[in-house]
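Here is the structure we will look at, set down as structure tokens.
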Protein chains: 2
Amino acid sequence: MNYETLLREHGLKVTPQRLGILSAIQEEGHMGIDDLFLQIKKKFPSISLATLYKNINTMVDVELLKEVALSGLKSRYEISKAAHAHLLCEKCGQLKDLDFDLKDLSTKIEYDSHYRMKRIDLMLSGICPDCQQQD
Amino acid sequence: MNYETLLREHGLKVTPQRLGILSAIQEEGHMGIDDLFLQIKKKFPSISLATLYKNINTMVDVELLKEVALSGLKSRYEISKAAHAHLLCEKCGQLKDLDFDLKDLSTKIEYDSHYRMKRIDLMLSGICPDCQQQD
DNA sequence: TTTGTAAAGGATAATTATTTTCCTTTAAGA
DNA sequence: TCTTAAAGGAAAATAATTATCCTTTACAAA
């Protein structure tokens, strides 16, 4: 994926920090602010947490990133893509994408409810196979 | 609904503040901390915000309440019931239950993924019919 | 290229959100 | 009634996020 193009397409300036943020998120799939800050500091030791927050917010605003809200935990962020489901392990915190297309469901509920639908999120949470072993 | 029984069944003491919190949530369907605090102050002007937080947390811990996480907004809380979907209006903030049973879907994904599933949430968001008019 | 400028970065302060502490009060079982 | 562990309230402490202000930089127009 070309992050420079991605940023420009969303009307944002290309900066080294932004490129670093995007590649870190892409590499992990999803990241929370704190992990992201630790990760990004490896490449940019002087980056400010405020810069990270500002960039996350602007990228969410232009819908380059999507915030995944989790109950009881801080949000994670992912690079926007077609609506899909998420699977969270409540023990180890790993968040995975599920290959489950939500478009048809969204369209159906849009039709039934008369809402102009913007977004659909399906979140499953439980204990992953690895963590089940450890009990 | 009998809130005294509900509290006792979850091993919690019955207090006037807790009864007030539960009936406020039930009346509205879902509430965030701040609205809940305003509402509950009508009946208990001296209630502390810390008390509200503590009660919400304990009731979530014993699964009497469920936290509904929303991206970009503070969480809402609802009284636990069978897994159902939610519909949020991004403009007016109203959150509604959708009569959409998620059990079968959860069971299927549990089987496919080998996770021990604890929870499933389906959240749709968009603009409600009323707010569409106002544009 | 150079240059002008709006936007981005970094440090810090400020604000907002949530939790903890500590003392008083109360629910509920003995 | 008592007893006591838990709950309430006020305030302080901590965590999370945003705003401010000055410096630096991306980038487009000359």
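Labels used: A, B, ... for chains in the order of the structure tokens, numbers from 1 for residues in each chain, and numbers from 1 for ligands as shown.
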Compile the contact shell of Ala69 of chain B as an MDAnalysis selection string: residues with an atom at most 9 Å away, counting only C-alpha atoms (C1' of nucleotides), same-chain residues fewer than 5 positions apart removed. (chainID A and resid 69:72) or (chainID B and resid 74:77)
Output the contact residues of chain C with respect to chain B at a cut-off of 10 Å, based on only C-alpha atoms (C1' of nucleotides), as a ChimeraX atom specification. /C:17-20,26-28
Next, dump the selected residues to file, keeping only N, CA and C atoms (P, O5', C5', C4', C3', O3' and C1' of nucleotides), as a PDB file, in the first residue's frame.
ATOM      1  P    DA C  17     -15.560  15.217  29.394  1.00  0.00           P
ATOM      2  O5'  DA C  17     -14.793  13.987  30.047  1.00  0.00           O
ATOM      3  C5'  DA C  17     -13.827  13.293  29.280  1.00  0.00           C
ATOM      4  C4'  DA C  17     -13.378  12.089  30.077  1.00  0.00           C
ATOM      5  C3'  DA C  17     -14.500  11.364  30.807  1.00  0.00           C
ATOM      6  O3'  DA C  17     -14.376   9.994  30.468  1.00  0.00           O
ATOM      7  C1'  DA C  17     -12.751  11.932  32.323  1.00  0.00           C
ATOM      8  P    DT C  18     -15.319   8.872  31.191  1.00  0.00           P
ATOM      9  O5'  DT C  18     -14.429   8.478  32.449  1.00  0.00           O
ATOM     10  C5'  DT C  18     -13.146   7.881  32.206  1.00  0.00           C
ATOM     11  C4'  DT C  18     -12.508   7.570  33.533  1.00  0.00           C
ATOM     12  C3'  DT C  18     -13.362   6.711  34.457  1.00  0.00           C
ATOM     13  O3'  DT C  18     -12.664   5.484  34.578  1.00  0.00           O
ATOM     14  C1'  DT C  18     -12.298   8.488  35.623  1.00  0.00           C
ATOM     15  P    DT C  19     -13.071   4.357  35.627  1.00  0.00           P
ATOM     16  O5'  DT C  19     -12.118   4.713  36.864  1.00  0.00           O
ATOM     17  C5'  DT C  19     -10.723   4.863  36.612  1.00  0.00           C
ATOM     18  C4'  DT C  19     -10.008   5.096  37.932  1.00  0.00           C
ATOM     19  C3'  DT C  19     -10.388   4.125  39.037  1.00  0.00           C
ATOM     20  O3'  DT C  19      -9.157   3.667  39.568  1.00  0.00           O
ATOM     21  C1'  DT C  19     -10.588   6.354  39.803  1.00  0.00           C
ATOM     22  P    DT C  20      -9.118   2.607  40.806  1.00  0.00           P
ATOM     23  O5'  DT C  20      -8.672   3.521  42.035  1.00  0.00           O
ATOM     24  C5'  DT C  20      -7.600   4.440  41.874  1.00  0.00           C
ATOM     25  C4'  DT C  20      -7.431   5.256  43.152  1.00  0.00           C
ATOM     26  C3'  DT C  20      -7.594   4.452  44.438  1.00  0.00           C
ATOM     27  O3'  DT C  20      -6.442   4.721  45.210  1.00  0.00           O
ATOM     28  C1'  DT C  20      -8.964   6.403  44.481  1.00  0.00           C
ATOM     29  P    DT C  26     -27.769   7.373  56.628  1.00  0.00           P
ATOM     30  O5'  DT C  26     -27.690   5.883  56.053  1.00  0.00           O
ATOM     31  C5'  DT C  26     -27.316   5.688  54.684  1.00  0.00           C
ATOM     32  C4'  DT C  26     -27.304   4.206  54.396  1.00  0.00           C
ATOM     33  C3'  DT C  26     -28.507   3.451  54.938  1.00  0.00           C
ATOM     34  O3'  DT C  26     -28.834   2.475  53.976  1.00  0.00           O
ATOM     35  C1'  DT C  26     -26.569   2.440  55.712  1.00  0.00           C
ATOM     36  P    DA C  27     -30.316   2.001  53.719  1.00  0.00           P
ATOM     37  O5'  DA C  27     -30.087   0.524  53.164  1.00  0.00           O
ATOM     38  C5'  DA C  27     -29.134   0.324  52.120  1.00  0.00           C
ATOM     39  C4'  DA C  27     -28.658  -1.110  52.157  1.00  0.00           C
ATOM     40  C3'  DA C  27     -29.750  -2.157  52.300  1.00  0.00           C
ATOM     41  O3'  DA C  27     -29.368  -3.238  51.476  1.00  0.00           O
ATOM     42  C1'  DA C  27     -28.282  -2.290  54.168  1.00  0.00           C
ATOM     43  P    DA C  28     -30.331  -4.494  51.280  1.00  0.00           P
ATOM     44  O5'  DA C  28     -29.878  -5.486  52.447  1.00  0.00           O
ATOM     45  C5'  DA C  28     -28.586  -6.082  52.371  1.00  0.00           C
ATOM     46  C4'  DA C  28     -28.408  -6.957  53.582  1.00  0.00           C
ATOM     47  C3'  DA C  28     -29.641  -7.789  53.937  1.00  0.00           C
ATOM     48  O3'  DA C  28     -29.195  -9.027  54.447  1.00  0.00           O
ATOM     49  C1'  DA C  28     -29.002  -6.566  55.769  1.00  0.00           C
TER      50       DA C  28
END
I'd like the contact shell of Ser48 of chain B - 9 Å cut-off, only C-alpha atoms (C1' of nucleotides), skipping same-chain residues fewer than 2 positions apart - returned as a list in words.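 The neighbour list is Phe37, Lys41, Pro45, Ser46, Ala50, Thr51, Leu52 and Tyr53 of chain B; DG8, DG9 and DA10 of chain D.
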Go ahead and write the residues just picked, N, CA and C atoms (P, O5', C5', C4', C3', O3' and C1' of nucleotides), as a PDB file, in the first residue's frame.
ATOM      1  N   PHE B  37     -26.201  11.348  35.059  1.00  0.00           N
ATOM      2  CA  PHE B  37     -25.904  12.156  36.240  1.00  0.00           C
ATOM      3  C   PHE B  37     -26.926  13.288  36.380  1.00  0.00           C
ATOM      4  N   LYS B  41     -29.746  13.301  39.464  1.00  0.00           N
ATOM      5  CA  LYS B  41     -29.667  14.418  40.407  1.00  0.00           C
ATOM      6  C   LYS B  41     -31.046  14.997  40.723  1.00  0.00           C
ATOM      7  N   PRO B  45     -30.357  14.916  44.699  1.00  0.00           N
ATOM      8  CA  PRO B  45     -29.543  16.097  44.399  1.00  0.00           C
ATOM      9  C   PRO B  45     -28.134  16.005  44.968  1.00  0.00           C
ATOM     10  N   SER B  46     -27.951  15.183  46.004  1.00  0.00           N
ATOM     11  CA  SER B  46     -26.639  15.145  46.646  1.00  0.00           C
ATOM     12  C   SER B  46     -25.772  13.996  46.142  1.00  0.00           C
ATOM     13  N   ALA B  50     -18.795  10.320  41.638  1.00  0.00           N
ATOM     14  CA  ALA B  50     -18.007   9.127  41.947  1.00  0.00           C
ATOM     15  C   ALA B  50     -18.915   7.947  42.271  1.00  0.00           C
ATOM     16  N   THR B  51     -19.980   8.212  42.994  1.00  0.00           N
ATOM     17  CA  THR B  51     -20.941   7.154  43.311  1.00  0.00           C
ATOM     18  C   THR B  51     -21.541   6.583  42.028  1.00  0.00           C
ATOM     19  N   LEU B  52     -21.852   7.473  41.120  1.00  0.00           N
ATOM     20  CA  LEU B  52     -22.417   7.018  39.857  1.00  0.00           C
ATOM     21  C   LEU B  52     -21.415   6.139  39.107  1.00  0.00           C
ATOM     22  N   TYR B  53     -20.189   6.610  38.981  1.00  0.00           N
ATOM     23  CA  TYR B  53     -19.160   5.810  38.317  1.00  0.00           C
ATOM     24  C   TYR B  53     -18.982   4.463  39.009  1.00  0.00           C
TER      25      TYR B  53
ATOM     26  P    DG D   8     -24.291   3.400  46.741  1.00  0.00           P
ATOM     27  O5'  DG D   8     -23.991   4.635  47.695  1.00  0.00           O
ATOM     28  C5'  DG D   8     -24.977   5.015  48.653  1.00  0.00           C
ATOM     29  C4'  DG D   8     -24.585   6.342  49.269  1.00  0.00           C
ATOM     30  C3'  DG D   8     -24.235   7.419  48.237  1.00  0.00           C
ATOM     31  O3'  DG D   8     -24.830   8.644  48.645  1.00  0.00           O
ATOM     32  C1'  DG D   8     -22.376   7.048  49.686  1.00  0.00           C
ATOM     33  P    DG D   9     -24.776   9.896  47.733  1.00  0.00           P
ATOM     34  O5'  DG D   9     -23.556  10.700  48.364  1.00  0.00           O
ATOM     35  C5'  DG D   9     -23.665  11.184  49.692  1.00  0.00           C
ATOM     36  C4'  DG D   9     -22.454  12.043  50.020  1.00  0.00           C
ATOM     37  C3'  DG D   9     -22.085  13.033  48.913  1.00  0.00           C
ATOM     38  O3'  DG D   9     -21.813  14.273  49.557  1.00  0.00           O
ATOM     39  C1'  DG D   9     -20.216  11.635  49.418  1.00  0.00           C
ATOM     40  P    DA D  10     -21.565  15.582  48.722  1.00  0.00           P
ATOM     41  O5'  DA D  10     -20.023  15.832  49.008  1.00  0.00           O
ATOM     42  C5'  DA D  10     -19.565  15.836  50.366  1.00  0.00           C
ATOM     43  C4'  DA D  10     -18.070  16.096  50.381  1.00  0.00           C
ATOM     44  C3'  DA D  10     -17.594  17.089  49.320  1.00  0.00           C
ATOM     45  O3'  DA D  10     -16.679  17.978  49.935  1.00  0.00           O
ATOM     46  C1'  DA D  10     -16.459  15.001  49.059  1.00  0.00           C
TER      47       DA D  10
END
Counting only C-alpha atoms (C1' of nucleotides), what is within 12 Å of Ile127 of chain A, bar same-chain residues fewer than 5 positions away, as a VMD selection string? (chain A and resid 87 to 95 132 to 135) or (chain B and resid 110 113 to 119)
Output file for the residues above (N, CA and C atoms, as a compact mmCIF listing (two decimals), in the first residue's frame):
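Printed below is part_2.txt as written:
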# COMPACT_ATOMS: atom_id res chain seq x y z
N LEU A 87 -13.10 -9.60 15.79
CA LEU A 87 -13.11 -10.63 16.82
C LEU A 87 -12.04 -10.27 17.85
N LEU A 88 -12.48 -10.07 19.07
CA LEU A 88 -11.58 -9.63 20.15
C LEU A 88 -11.40 -10.73 21.17
N CYS A 89 -10.17 -10.99 21.58
CA CYS A 89 -9.94 -11.88 22.72
C CYS A 89 -9.89 -11.02 23.98
N GLU A 90 -10.79 -11.31 24.89
CA GLU A 90 -10.90 -10.49 26.10
C GLU A 90 -9.74 -10.73 27.05
N LYS A 91 -9.03 -11.81 26.82
CA LYS A 91 -7.92 -12.13 27.72
C LYS A 91 -6.63 -11.47 27.25
N CYS A 92 -6.24 -11.75 26.01
CA CYS A 92 -4.95 -11.23 25.54
C CYS A 92 -5.11 -9.92 24.77
N GLY A 93 -6.33 -9.55 24.49
CA GLY A 93 -6.56 -8.25 23.85
C GLY A 93 -6.38 -8.23 22.35
N GLN A 94 -6.02 -9.38 21.76
CA GLN A 94 -5.82 -9.38 20.31
C GLN A 94 -7.13 -9.12 19.56
N LEU A 95 -7.01 -8.27 18.57
CA LEU A 95 -8.17 -7.94 17.74
C LEU A 95 -7.90 -8.41 16.32
N GLN A 132 -7.56 -20.06 25.91
CA GLN A 132 -8.35 -21.13 26.53
C GLN A 132 -7.43 -22.20 27.11
N GLN A 133 -6.38 -22.51 26.38
CA GLN A 133 -5.39 -23.51 26.82
C GLN A 133 -4.80 -23.16 28.17
N GLN A 134 -4.49 -21.88 28.31
CA GLN A 134 -3.76 -21.42 29.50
C GLN A 134 -4.56 -21.46 30.79
N ASP A 135 -5.81 -21.88 30.72
CA ASP A 135 -6.61 -21.88 31.96
C ASP A 135 -6.31 -23.10 32.82
N GLU B 110 -18.57 -18.70 16.61
CA GLU B 110 -17.91 -19.43 17.70
C GLU B 110 -17.39 -20.77 17.17
N SER B 113 -14.48 -20.16 14.55
CA SER B 113 -13.25 -19.52 15.03
C SER B 113 -12.58 -20.26 16.18
N HIS B 114 -13.35 -21.13 16.83
CA HIS B 114 -12.87 -21.81 18.03
C HIS B 114 -12.66 -20.89 19.22
N TYR B 115 -13.20 -19.69 19.15
CA TYR B 115 -13.23 -18.82 20.32
C TYR B 115 -14.34 -19.30 21.24
N ARG B 116 -14.18 -19.08 22.55
CA ARG B 116 -15.30 -19.26 23.46
C ARG B 116 -16.00 -17.91 23.54
N MET B 117 -17.13 -17.78 22.86
CA MET B 117 -17.73 -16.47 22.66
C MET B 117 -18.46 -15.98 23.91
N LYS B 118 -18.22 -14.71 24.22
CA LYS B 118 -18.83 -14.12 25.40
C LYS B 118 -19.87 -13.06 25.05
N ARG B 119 -19.69 -12.49 23.90
CA ARG B 119 -20.47 -11.30 23.60
C ARG B 119 -20.48 -11.03 22.11
From B:Ile79, B:Asp104, B:Val60, B:Gly29, residue lying nearest chain A [only C-alpha atoms]: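 With only C-alpha atoms as the atom set, the closest residue is B:Val60.
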Just asking: which residues within chain B are strand (DSSP E or B) according to DSSP, as a ChimeraX atom specification? /B:31-32,65-70,73-79,85-89,95-98,116-127
Any chance you can output those residues with N, CA and C atoms as a CSV table (one decimal), in the first residue's frame?
chain,number,residue,atom,x,y,z
B,31,MET,N,-28.3,5.1,28.4
B,31,MET,CA,-27.8,6.4,28.8
B,31,MET,C,-26.3,6.5,29.0
B,32,GLY,N,-25.8,7.6,28.7
B,32,GLY,CA,-24.4,7.9,29.0
B,32,GLY,C,-24.2,8.5,30.4
B,65,LEU,N,-25.5,-4.6,34.0
B,65,LEU,CA,-25.5,-3.6,33.0
B,65,LEU,C,-24.6,-4.0,31.9
B,66,LYS,N,-24.8,-3.5,30.7
B,66,LYS,CA,-23.9,-3.7,29.6
B,66,LYS,C,-23.4,-2.4,29.0
B,67,GLU,N,-22.1,-2.2,28.9
B,67,GLU,CA,-21.6,-1.0,28.3
B,67,GLU,C,-21.7,-1.1,26.8
B,68,VAL,N,-22.2,-0.1,26.1
B,68,VAL,CA,-22.3,0.0,24.7
B,68,VAL,C,-21.2,1.0,24.2
B,69,ALA,N,-20.1,0.6,23.7
B,69,ALA,CA,-19.1,1.5,23.3
B,69,ALA,C,-19.4,2.1,21.9
B,70,LEU,N,-19.1,3.4,21.8
B,70,LEU,CA,-19.4,4.1,20.5
B,70,LEU,C,-18.2,4.8,20.0
B,73,LEU,N,-17.7,8.8,20.7
B,73,LEU,CA,-18.6,9.3,21.8
B,73,LEU,C,-18.4,8.5,23.0
B,74,LYS,N,-18.9,9.0,24.1
B,74,LYS,CA,-18.8,8.3,25.4
B,74,LYS,C,-19.7,7.1,25.3
B,75,SER,N,-19.4,6.1,26.1
B,75,SER,CA,-20.2,4.9,26.1
B,75,SER,C,-21.6,5.1,26.7
B,76,ARG,N,-22.5,4.3,26.3
B,76,ARG,CA,-23.8,4.3,26.9
B,76,ARG,C,-24.0,3.0,27.7
B,77,TYR,N,-25.0,3.0,28.5
B,77,TYR,CA,-25.2,1.8,29.3
B,77,TYR,C,-26.7,1.3,29.2
B,78,GLU,N,-26.9,0.0,29.2
B,78,GLU,CA,-28.2,-0.5,29.1
B,78,GLU,C,-28.3,-1.7,30.1
B,79,ILE,N,-29.5,-2.0,30.5
B,79,ILE,CA,-29.8,-3.2,31.3
B,79,ILE,C,-29.6,-4.4,30.4
B,85,ALA,N,-29.2,-5.9,18.2
B,85,ALA,CA,-28.4,-4.9,17.5
B,85,ALA,C,-28.8,-3.5,18.0
B,86,HIS,N,-27.9,-2.5,17.6
B,86,HIS,CA,-28.2,-1.1,18.0
B,86,HIS,C,-28.1,-0.3,16.8
B,87,LEU,N,-28.9,0.8,16.8
B,87,LEU,CA,-28.9,1.8,15.7
B,87,LEU,C,-28.7,3.1,16.3
B,88,LEU,N,-27.7,3.8,15.8
B,88,LEU,CA,-27.3,5.1,16.4
B,88,LEU,C,-27.5,6.2,15.3
B,89,CYS,N,-28.2,7.3,15.7
B,89,CYS,CA,-28.2,8.5,14.8
B,89,CYS,C,-27.0,9.4,15.1
B,95,LEU,N,-29.9,6.5,20.4
B,95,LEU,CA,-29.5,5.1,20.3
B,95,LEU,C,-30.8,4.2,20.5
B,96,LYS,N,-31.0,3.4,19.5
B,96,LYS,CA,-32.2,2.5,19.6
B,96,LYS,C,-31.8,1.0,19.5
B,97,ASP,N,-32.6,0.2,20.1
B,97,ASP,CA,-32.4,-1.2,20.0
B,97,ASP,C,-33.1,-1.7,18.7
B,98,LEU,N,-32.4,-2.6,18.0
B,98,LEU,CA,-33.0,-3.2,16.8
B,98,LEU,C,-33.4,-4.7,17.2
B,116,ARG,N,-14.2,-19.1,22.6
B,116,ARG,CA,-15.3,-19.3,23.5
B,116,ARG,C,-16.0,-17.9,23.5
B,117,MET,N,-17.1,-17.8,22.9
B,117,MET,CA,-17.7,-16.5,22.7
B,117,MET,C,-18.5,-16.0,23.9
B,118,LYS,N,-18.2,-14.7,24.2
B,118,LYS,CA,-18.8,-14.1,25.4
B,118,LYS,C,-19.9,-13.1,25.0
B,119,ARG,N,-19.7,-12.5,23.9
B,119,ARG,CA,-20.5,-11.3,23.6
B,119,ARG,C,-20.5,-11.0,22.1
B,120,ILE,N,-21.6,-10.5,21.6
B,120,ILE,CA,-21.7,-10.1,20.2
B,120,ILE,C,-22.4,-8.7,20.2
B,121,ASP,N,-21.9,-7.8,19.4
B,121,ASP,CA,-22.5,-6.5,19.3
B,121,ASP,C,-22.5,-6.1,17.8
B,122,LEU,N,-23.7,-5.7,17.4
B,122,LEU,CA,-23.9,-5.2,16.1
B,122,LEU,C,-24.4,-3.8,16.2
B,123,MET,N,-23.6,-2.9,15.6
B,123,MET,CA,-23.9,-1.4,15.7
B,123,MET,C,-24.0,-0.8,14.4
B,124,LEU,N,-25.2,-0.2,14.1
B,124,LEU,CA,-25.3,0.5,12.8
B,124,LEU,C,-25.4,1.9,13.1
B,125,SER,N,-24.8,2.8,12.3
B,125,SER,CA,-25.0,4.2,12.6
B,125,SER,C,-25.2,5.0,11.3
B,126,GLY,N,-25.9,6.0,11.4
B,126,GLY,CA,-26.3,6.8,10.2
B,126,GLY,C,-27.1,8.0,10.7
B,127,ILE,N,-28.0,8.4,9.8
B,127,ILE,CA,-28.8,9.6,10.1
B,127,ILE,C,-30.3,9.1,10.1
Near chain A, which residues of chain D fall within 10 Å when you count only C-alpha atoms (C1' of nucleotides), and what do they look like as JSON, numbers by chain? {"D": [16, 17, 18, 19, 25, 26, 27]}
How about saving the chosen residues, N, CA and C atoms (P, O5', C5', C4', C3', O3' and C1' of nucleotides) kept, as a JSON list (two decimals), in the first residue's frame?
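And here's again.json as it stands now:
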[["chain", "number", "residue", "atom", "x", "y", "z"],
["D", 16, "DA", "P", -5.13, 6.01, 30.78],
["D", 16, "DA", "O5'", -5.86, 7.23, 30.08],
["D", 16, "DA", "C5'", -7.27, 7.34, 30.18],
["D", 16, "DA", "C4'", -7.71, 8.48, 29.31],
["D", 16, "DA", "C3'", -7.10, 8.46, 27.92],
["D", 16, "DA", "O3'", -8.19, 8.54, 27.02],
["D", 16, "DA", "C1'", -6.80, 10.59, 28.94],
["D", 17, "DT", "P", -7.96, 8.66, 25.43],
["D", 17, "DT", "O5'", -7.99, 10.24, 25.24],
["D", 17, "DT", "C5'", -9.17, 10.94, 25.66],
["D", 17, "DT", "C4'", -8.97, 12.40, 25.41],
["D", 17, "DT", "C3'", -8.54, 12.75, 23.99],
["D", 17, "DT", "O3'", -9.62, 13.47, 23.43],
["D", 17, "DT", "C1'", -7.34, 14.00, 25.63],
["D", 18, "DT", "P", -9.54, 14.23, 22.04],
["D", 18, "DT", "O5'", -9.13, 15.71, 22.48],
["D", 18, "DT", "C5'", -9.90, 16.36, 23.47],
["D", 18, "DT", "C4'", -9.35, 17.75, 23.67],
["D", 18, "DT", "C3'", -9.11, 18.54, 22.38],
["D", 18, "DT", "O3'", -9.74, 19.79, 22.58],
["D", 18, "DT", "C1'", -7.17, 18.58, 23.75],
["D", 19, "DA", "P", -9.72, 20.94, 21.49],
["D", 19, "DA", "O5'", -8.70, 21.99, 22.12],
["D", 19, "DA", "C5'", -8.88, 22.40, 23.46],
["D", 19, "DA", "C4'", -7.83, 23.44, 23.82],
["D", 19, "DA", "C3'", -7.53, 24.47, 22.73],
["D", 19, "DA", "O3'", -7.44, 25.72, 23.40],
["D", 19, "DA", "C1'", -5.53, 23.33, 23.32],
["D", 25, "DT", "P", 12.52, 21.07, 10.12],
["D", 25, "DT", "O5'", 11.24, 20.91, 9.18],
["D", 25, "DT", "C5'", 10.15, 20.11, 9.66],
["D", 25, "DT", "C4'", 9.06, 20.11, 8.60],
["D", 25, "DT", "C3'", 9.57, 19.89, 7.18],
["D", 25, "DT", "O3'", 8.61, 19.09, 6.55],
["D", 25, "DT", "C1'", 8.30, 21.85, 7.26],
["D", 26, "DA", "P", 8.99, 18.10, 5.40],
["D", 26, "DA", "O5'", 7.67, 18.15, 4.51],
["D", 26, "DA", "C5'", 6.42, 17.83, 5.13],
["D", 26, "DA", "C4'", 5.31, 18.44, 4.29],
["D", 26, "DA", "C3'", 5.34, 18.09, 2.81],
["D", 26, "DA", "O3'", 3.98, 17.90, 2.42],
["D", 26, "DA", "C1'", 5.52, 20.45, 3.06],
["D", 27, "DC", "P", 3.63, 17.28, 1.01],
["D", 27, "DC", "O5'", 3.44, 18.60, 0.11],
["D", 27, "DC", "C5'", 2.44, 19.55, 0.47],
["D", 27, "DC", "C4'", 2.53, 20.74, -0.44],
["D", 27, "DC", "C3'", 2.97, 20.43, -1.89],
["D", 27, "DC", "O3'", 2.27, 21.29, -2.76],
["D", 27, "DC", "C1'", 4.33, 22.08, -1.03]]
Tell me, which residues of segment 6-108 of chain A carry DSSP helix (DSSP H, G or I), written as a PyMOL selection string? chain A and resi 6-9+16-28+33-43+49-61+103-108
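Atom CA of Leu7 of chain B sits 20.2 Å away from atom CA of Ala83 of chain B.
Neighbours of Ile40 of chain B closer than or equal to 7 Å, with only C-alpha atoms (C1' of nucleotides) counted and sequence neighbours fewer than 3 positions away skipped, come out as Gly20, Ile21, Leu36, Phe37, Lys43 and Phe44 of chain B.
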Go ahead and save the picked residues with C-alpha atoms, as a PDB file, in the first residue's frame.
ATOM      1  CA  GLY B  20     -32.715   5.372  40.720  1.00  0.00           C
ATOM      2  CA  ILE B  21     -29.918   4.601  38.298  1.00  0.00           C
ATOM      3  CA  LEU B  36     -27.523   9.839  33.716  1.00  0.00           C
ATOM      4  CA  PHE B  37     -25.904  12.156  36.240  1.00  0.00           C
ATOM      5  CA  LYS B  43     -34.194  12.536  42.554  1.00  0.00           C
ATOM      6  CA  PHE B  44     -30.925  12.576  44.527  1.00  0.00           C
TER       7      PHE B  44
END
What's the separation between atom CA of Thr5 of chain B and atom CA of Ser106 of chain B, in Å to one decimal place? 29.1 Å
To one decimal place in Å, what is the distance between atom CA of Ala24 of chain A and atom CA of Asn57 of chain A?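 Interatomic distance here is 16.2 Å.
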